[in-house]
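Please read the structure below before turning to the comments.
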Amino acid sequence: MQLHRLFAPIVLTSTIAFSLAGCGDDSTKAPAQTAASSAKVLTVGVTPVPGGDLMKEITPILAKEGITLKTVEFSDYIQPNLALSDGSLDANLFQHKPYLDDFIREHNLKLESFAPVFIAPIGIYSKTLQKPQDIADGSRVAIPNDPTNGSRALLLLEREGLLKLRTDGPFLKSPADITENPKNLQIVEVEAAQLPRSLEDVALAVINCNFALGAGLNPMKDAIALEGKDSPYVNIVAIRAGDAGRPELASLKKALTTPAMKKFIEEKYKGSIIPTF
């Protein structure tokens, strides 16, 4: 089976302002400058939805504790972990633990899970079909091109009866693990952020919840099949190994897991994102 990769990853980064300390005696600093230089800044990488929404919600909460929250938005699943590892970020919120674990192994990084926050079910979408089983022979199906989300997508396609996967072998499945493909579907691996665009060119696309929401798709209404709510793929806050004791990160974790935040997630996303705290 020939696999195809479409589109290149795009990274959208917000501008981060850095204060430059001037030369001279401390006694010459204005009071406002002194206060600014002692402020705590926490830089967190997210995808715009839902991570960006959650950061906006907790910004004033952290501000009351003297923490300035800076958010950097990404549209791919690679750069946020690299930026966290090199110190450009203090934390990120965009991935589930199986993806983080696989990324750590592949890139030999010292990162770790810090706090579970929500489940974002992956779903099947189509411009033309009402249910996955209506797909025509030989049709193209787009799935994420990273190992963990690609595996999730294949398992969902299997659950919907479109193919069968080998039961032995590695935990994460790839198109090479397809043992039965009765409709001769063409599996096309696509950068996750580009999957909503791929709907113009494929019969079905299996899209991560955050990118579906970012493209104006409502998983609860627009998905023609959705991963179960018992999914083990809980999205987490990730940090560098050894940073768990930082007070600012403890404040971030606390702000993201309050009853008020749970209510915010439930009311804003109406079941398409499920809090896990």
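Residue numbering restarts at 1 in every chain; chains get A, B, ... in the order shown in the structure tokens, and ligands count up from 1 in that same order.
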
Spatial neighbours of Ser139 (chain A), max dist 9 Å, only C-alpha atoms, sep filter under 4 positions, as a list in words: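 The contact residues come out as Ile135, Lys183, Asn184, Leu185, Gln186, Ile187, Val202, Ala203 and Leu204 of chain A.
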
Nearby residues (only C-alpha atoms) at most 8 Å from region 105-120 of chain A, same-chain spacing under 5 positions excluded, as JSON, numbers by chain: {"A": [85, 97, 100, 208, 209, 210, 229, 231, 233, 234, 235, 236, 237, 238, 239, 240, 241, 244, 253, 256, 257, 272, 273, 274, 275, 276, 277]}

Those residues with C-alpha atoms, as a PDB file, in the first residue's frame please?
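Final output, saved to again15.pdb:
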```pdb
ATOM      1  CA  SER A  85      12.732  20.937  25.771  1.00  0.00           C
ATOM      2  CA  LYS A  97       0.348  10.941  27.332  1.00  0.00           C
ATOM      3  CA  LEU A 100       4.239  12.396  24.725  1.00  0.00           C
ATOM      4  CA  ASN A 208      -8.327  15.365  16.230  1.00  0.00           C
ATOM      5  CA  CYS A 209     -10.837  17.300  18.287  1.00  0.00           C
ATOM      6  CA  ASN A 210      -8.754  20.466  18.692  1.00  0.00           C
ATOM      7  CA  LYS A 229     -15.726   8.743  26.051  1.00  0.00           C
ATOM      8  CA  SER A 231     -10.744   6.866  25.608  1.00  0.00           C
ATOM      9  CA  TYR A 233      -6.013   9.486  25.491  1.00  0.00           C
ATOM     10  CA  VAL A 234      -6.269  12.173  28.164  1.00  0.00           C
ATOM     11  CA  ASN A 235      -4.713  15.511  27.223  1.00  0.00           C
ATOM     12  CA  ILE A 236      -2.091  16.647  29.697  1.00  0.00           C
ATOM     13  CA  VAL A 237       0.071  19.545  30.756  1.00  0.00           C
ATOM     14  CA  ALA A 238       3.662  18.528  29.946  1.00  0.00           C
ATOM     15  CA  ILE A 239       6.763  20.015  31.571  1.00  0.00           C
ATOM     16  CA  ARG A 240      10.502  19.425  31.626  1.00  0.00           C
ATOM     17  CA  ALA A 241      11.601  16.604  33.902  1.00  0.00           C
ATOM     18  CA  ALA A 244       7.407  19.708  38.990  1.00  0.00           C
ATOM     19  CA  LYS A 253      -2.113  23.062  37.531  1.00  0.00           C
ATOM     20  CA  LEU A 256      -6.676  24.400  35.246  1.00  0.00           C
ATOM     21  CA  THR A 257      -8.347  21.867  37.547  1.00  0.00           C
ATOM     22  CA  SER A 272     -16.977  17.507  22.692  1.00  0.00           C
ATOM     23  CA  ILE A 273     -14.250  17.988  25.315  1.00  0.00           C
ATOM     24  CA  ILE A 274     -14.575  16.155  28.612  1.00  0.00           C
ATOM     25  CA  PRO A 275     -12.780  17.311  31.788  1.00  0.00           C
ATOM     26  CA  THR A 276     -10.957  14.550  33.653  1.00  0.00           C
ATOM     27  CA  PHE A 277     -10.637  16.164  37.081  1.00  0.00           C
TER      28      PHE A 277
END
```

Picked from region 64-253 of chain A by DSSP as strand (DSSP E), as number ranges by chain: A: 67-73, 91-96, 111-119, 123-125, 140-144, 164-165, 178-180, 186-190, 204-207, 225-226, 234-240

Find the nearest atom pair between each residue of region 162-224 of chain A and region 152-158 of chain A for residues within 12 Å, count only C-alpha atoms, give distances in Å to one decimal, sort rows by chain and ascending number, and present the table as a tab-separated table.
```
residue	atom	partner	partner_atom	distance
A:Leu162	CA	A:Leu157	CA	5.6
A:Leu163	CA	A:Glu158	CA	5.0
A:Lys164	CA	A:Glu158	CA	5.4
A:Leu165	CA	A:Glu158	CA	7.1
A:Arg166	CA	A:Glu158	CA	10.6
A:Thr167	CA	A:Leu155	CA	11.1
A:Phe171	CA	A:Arg152	CA	10.7
A:Leu172	CA	A:Arg152	CA	8.2
A:Lys173	CA	A:Leu154	CA	7.1
A:Ser174	CA	A:Leu154	CA	7.4
A:Pro175	CA	A:Leu154	CA	7.6
A:Ala176	CA	A:Leu154	CA	10.7
A:Asp177	CA	A:Leu154	CA	9.4
A:Ile178	CA	A:Leu154	CA	8.6
A:Thr179	CA	A:Glu158	CA	10.7
A:Glu180	CA	A:Glu158	CA	9.7
A:Asn181	CA	A:Glu158	CA	9.7
A:Pro182	CA	A:Glu158	CA	11.6
A:Leu185	CA	A:Leu157	CA	10.8
A:Ile187	CA	A:Leu154	CA	9.3
A:Val188	CA	A:Leu154	CA	11.4
A:Glu189	CA	A:Ala153	CA	10.4
A:Val190	CA	A:Ala153	CA	11.7
A:Ala192	CA	A:Ala153	CA	11.1
A:Leu195	CA	A:Ala153	CA	11.9
A:Leu204	CA	A:Leu157	CA	10.0
A:Ala205	CA	A:Ala153	CA	9.0
A:Val206	CA	A:Ala153	CA	5.9
A:Ile207	CA	A:Ala153	CA	8.1
A:Asn208	CA	A:Ala153	CA	9.0
A:Cys209	CA	A:Ala153	CA	11.9
A:Ile224	CA	A:Leu157	CA	11.4
```

Would you output that residue set with N, CA and C atoms, as an mmCIF file, in the first residue's frame?
```cif
data_model
loop_
_atom_site.group_PDB
_atom_site.id
_atom_site.type_symbol
_atom_site.label_atom_id
_atom_site.label_comp_id
_atom_site.auth_asym_id
_atom_site.auth_seq_id
_atom_site.Cartn_x
_atom_site.Cartn_y
_atom_site.Cartn_z
ATOM 1 N N LEU A 162 -14.752 -0.706 8.785
ATOM 2 C CA LEU A 162 -14.181 -0.415 7.469
ATOM 3 C C LEU A 162 -12.928 -1.220 7.178
ATOM 4 N N LEU A 163 -12.274 -1.718 8.209
ATOM 5 C CA LEU A 163 -11.055 -2.516 8.016
ATOM 6 C C LEU A 163 -10.802 -3.341 9.270
ATOM 7 N N LYS A 164 -9.803 -4.218 9.185
ATOM 8 C CA LYS A 164 -9.388 -4.980 10.351
ATOM 9 C C LYS A 164 -7.880 -4.869 10.501
ATOM 10 N N LEU A 165 -7.423 -4.850 11.761
ATOM 11 C CA LEU A 165 -6.016 -4.706 12.082
ATOM 12 C C LEU A 165 -5.495 -5.979 12.735
ATOM 13 N N ARG A 166 -4.216 -6.236 12.584
ATOM 14 C CA ARG A 166 -3.610 -7.392 13.247
ATOM 15 C C ARG A 166 -3.717 -7.219 14.757
ATOM 16 N N THR A 167 -3.936 -8.300 15.434
ATOM 17 C CA THR A 167 -4.105 -8.254 16.889
ATOM 18 C C THR A 167 -2.790 -8.430 17.636
ATOM 19 N N PHE A 171 1.813 -2.113 20.019
ATOM 20 C CA PHE A 171 0.593 -1.519 20.563
ATOM 21 C C PHE A 171 0.025 -0.483 19.602
ATOM 22 N N LEU A 172 0.880 0.383 19.072
ATOM 23 C CA LEU A 172 0.433 1.400 18.127
ATOM 24 C C LEU A 172 0.329 0.778 16.739
ATOM 25 N N LYS A 173 -0.796 1.017 16.081
ATOM 26 C CA LYS A 173 -1.038 0.436 14.775
ATOM 27 C C LYS A 173 -0.739 1.450 13.673
ATOM 28 N N SER A 174 -0.316 0.931 12.529
ATOM 29 C CA SER A 174 -0.054 1.753 11.350
ATOM 30 C C SER A 174 -0.761 1.113 10.167
ATOM 31 N N PRO A 175 -0.820 1.784 9.018
ATOM 32 C CA PRO A 175 -1.454 1.151 7.849
ATOM 33 C C PRO A 175 -0.852 -0.195 7.484
ATOM 34 N N ALA A 176 0.402 -0.420 7.859
ATOM 35 C CA ALA A 176 1.025 -1.718 7.579
ATOM 36 C C ALA A 176 0.381 -2.846 8.372
ATOM 37 N N ASP A 177 -0.385 -2.509 9.429
ATOM 38 C CA ASP A 177 -1.030 -3.520 10.268
ATOM 39 C C ASP A 177 -2.441 -3.872 9.802
ATOM 40 N N ILE A 178 -2.871 -3.294 8.689
ATOM 41 C CA ILE A 178 -4.191 -3.625 8.155
ATOM 42 C C ILE A 178 -4.165 -5.028 7.558
ATOM 43 N N THR A 179 -5.032 -5.889 8.043
ATOM 44 C CA THR A 179 -5.087 -7.266 7.537
ATOM 45 C C THR A 179 -6.265 -7.486 6.592
ATOM 46 N N GLU A 180 -7.314 -6.700 6.756
ATOM 47 C CA GLU A 180 -8.476 -6.790 5.866
ATOM 48 C C GLU A 180 -8.920 -5.386 5.495
ATOM 49 N N ASN A 181 -9.138 -5.182 4.193
ATOM 50 C CA ASN A 181 -9.560 -3.880 3.672
ATOM 51 C C ASN A 181 -10.555 -4.142 2.552
ATOM 52 N N PRO A 182 -11.767 -4.599 2.912
ATOM 53 C CA PRO A 182 -12.718 -5.098 1.908
ATOM 54 C C PRO A 182 -13.116 -4.071 0.852
ATOM 55 N N LEU A 185 -9.812 0.676 0.569
ATOM 56 C CA LEU A 185 -9.666 2.098 0.899
ATOM 57 C C LEU A 185 -8.200 2.507 0.810
ATOM 58 N N ILE A 187 -5.494 4.674 2.366
ATOM 59 C CA ILE A 187 -5.210 5.398 3.601
ATOM 60 C C ILE A 187 -4.138 6.450 3.312
ATOM 61 N N VAL A 188 -4.487 7.710 3.524
ATOM 62 C CA VAL A 188 -3.594 8.829 3.243
ATOM 63 C C VAL A 188 -3.196 9.463 4.572
ATOM 64 N N GLU A 189 -1.904 9.486 4.855
ATOM 65 C CA GLU A 189 -1.423 10.070 6.110
ATOM 66 C C GLU A 189 -1.136 11.562 5.909
ATOM 67 N N VAL A 190 -1.734 12.381 6.774
ATOM 68 C CA VAL A 190 -1.707 13.833 6.616
ATOM 69 C C VAL A 190 -1.280 14.487 7.926
ATOM 70 N N ALA A 192 -1.596 16.452 11.039
ATOM 71 C CA ALA A 192 -2.862 16.552 11.779
ATOM 72 C C ALA A 192 -3.551 17.899 11.594
ATOM 73 N N LEU A 195 -5.743 18.191 8.394
ATOM 74 C CA LEU A 195 -6.824 17.241 8.131
ATOM 75 C C LEU A 195 -8.160 17.903 7.785
ATOM 76 N N LEU A 204 -13.402 10.484 3.607
ATOM 77 C CA LEU A 204 -13.458 10.573 5.065
ATOM 78 C C LEU A 204 -12.131 11.116 5.579
ATOM 79 N N ALA A 205 -12.185 11.824 6.686
ATOM 80 C CA ALA A 205 -10.964 12.227 7.383
ATOM 81 C C ALA A 205 -11.182 12.002 8.867
ATOM 82 N N VAL A 206 -10.178 11.444 9.518
ATOM 83 C CA VAL A 206 -10.236 11.235 10.968
ATOM 84 C C VAL A 206 -9.440 12.381 11.596
ATOM 85 N N ILE A 207 -10.142 13.248 12.331
ATOM 86 C CA ILE A 207 -9.572 14.531 12.745
ATOM 87 C C ILE A 207 -9.554 14.643 14.268
ATOM 88 N N ASN A 208 -8.430 15.099 14.793
ATOM 89 C CA ASN A 208 -8.327 15.365 16.230
ATOM 90 C C ASN A 208 -9.283 16.483 16.622
ATOM 91 N N CYS A 209 -9.801 16.382 17.828
ATOM 92 C CA CYS A 209 -10.837 17.300 18.287
ATOM 93 C C CYS A 209 -10.394 18.760 18.221
ATOM 94 N N ILE A 224 -19.337 12.001 11.988
ATOM 95 C CA ILE A 224 -20.251 10.897 11.668
ATOM 96 C C ILE A 224 -19.893 9.650 12.466
#
```

Computed interatomic separation between CA of Val44 (chain A) and CA of Lys268 (chain A) (Å):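 Separation of CA of Val44 (chain A) and CA of Lys268 (chain A): 21.3 Å.
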
Non-local contacts of Thr43 (chain A) (8 Å; only C-alpha atoms; under 4 positions in same chain excluded) as a list in words: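 Using only C-alpha atoms, the neighbours found are Leu69, Lys70, Thr71, Val72, Ser88, Leu89, Asp90 and Ala91 of chain A.
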
Which residue of A:Leu199, A:Ile122, A:Ile61, A:Ala193 approaches Ala225 (chain A) most closely, using only C-alpha atoms: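 Looking only at the distances to Ala225 (chain A), the closest residue turns out to be A:Ile122.
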
Minimum-distance residue to Lys270 (chain A), chosen among A:Lys221, A:Phe211, A:Gly245, A:Leu252 (using only C-alpha atoms): A:Lys221

Shortest interatomic distance to Leu84 (chain A) - which of A:Gly271, A:Pro98, A:Gly45, A:Gly169, counting only C-alpha atoms: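 Counting only C-alpha atoms, the residue closest to Leu84 (chain A) is A:Gly45.
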
Interatomic distance, CA of Leu62 (chain A) to CA of Glu248 (chain A) (Å, one decimal):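 Straight-line distance from CA of Leu62 (chain A) to CA of Glu248 (chain A) works out to 8.7 Å.
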
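A straight line drawn from CA of Pro219 (chain A) to CA of Pro121 (chain A) is 8.2 Å long.
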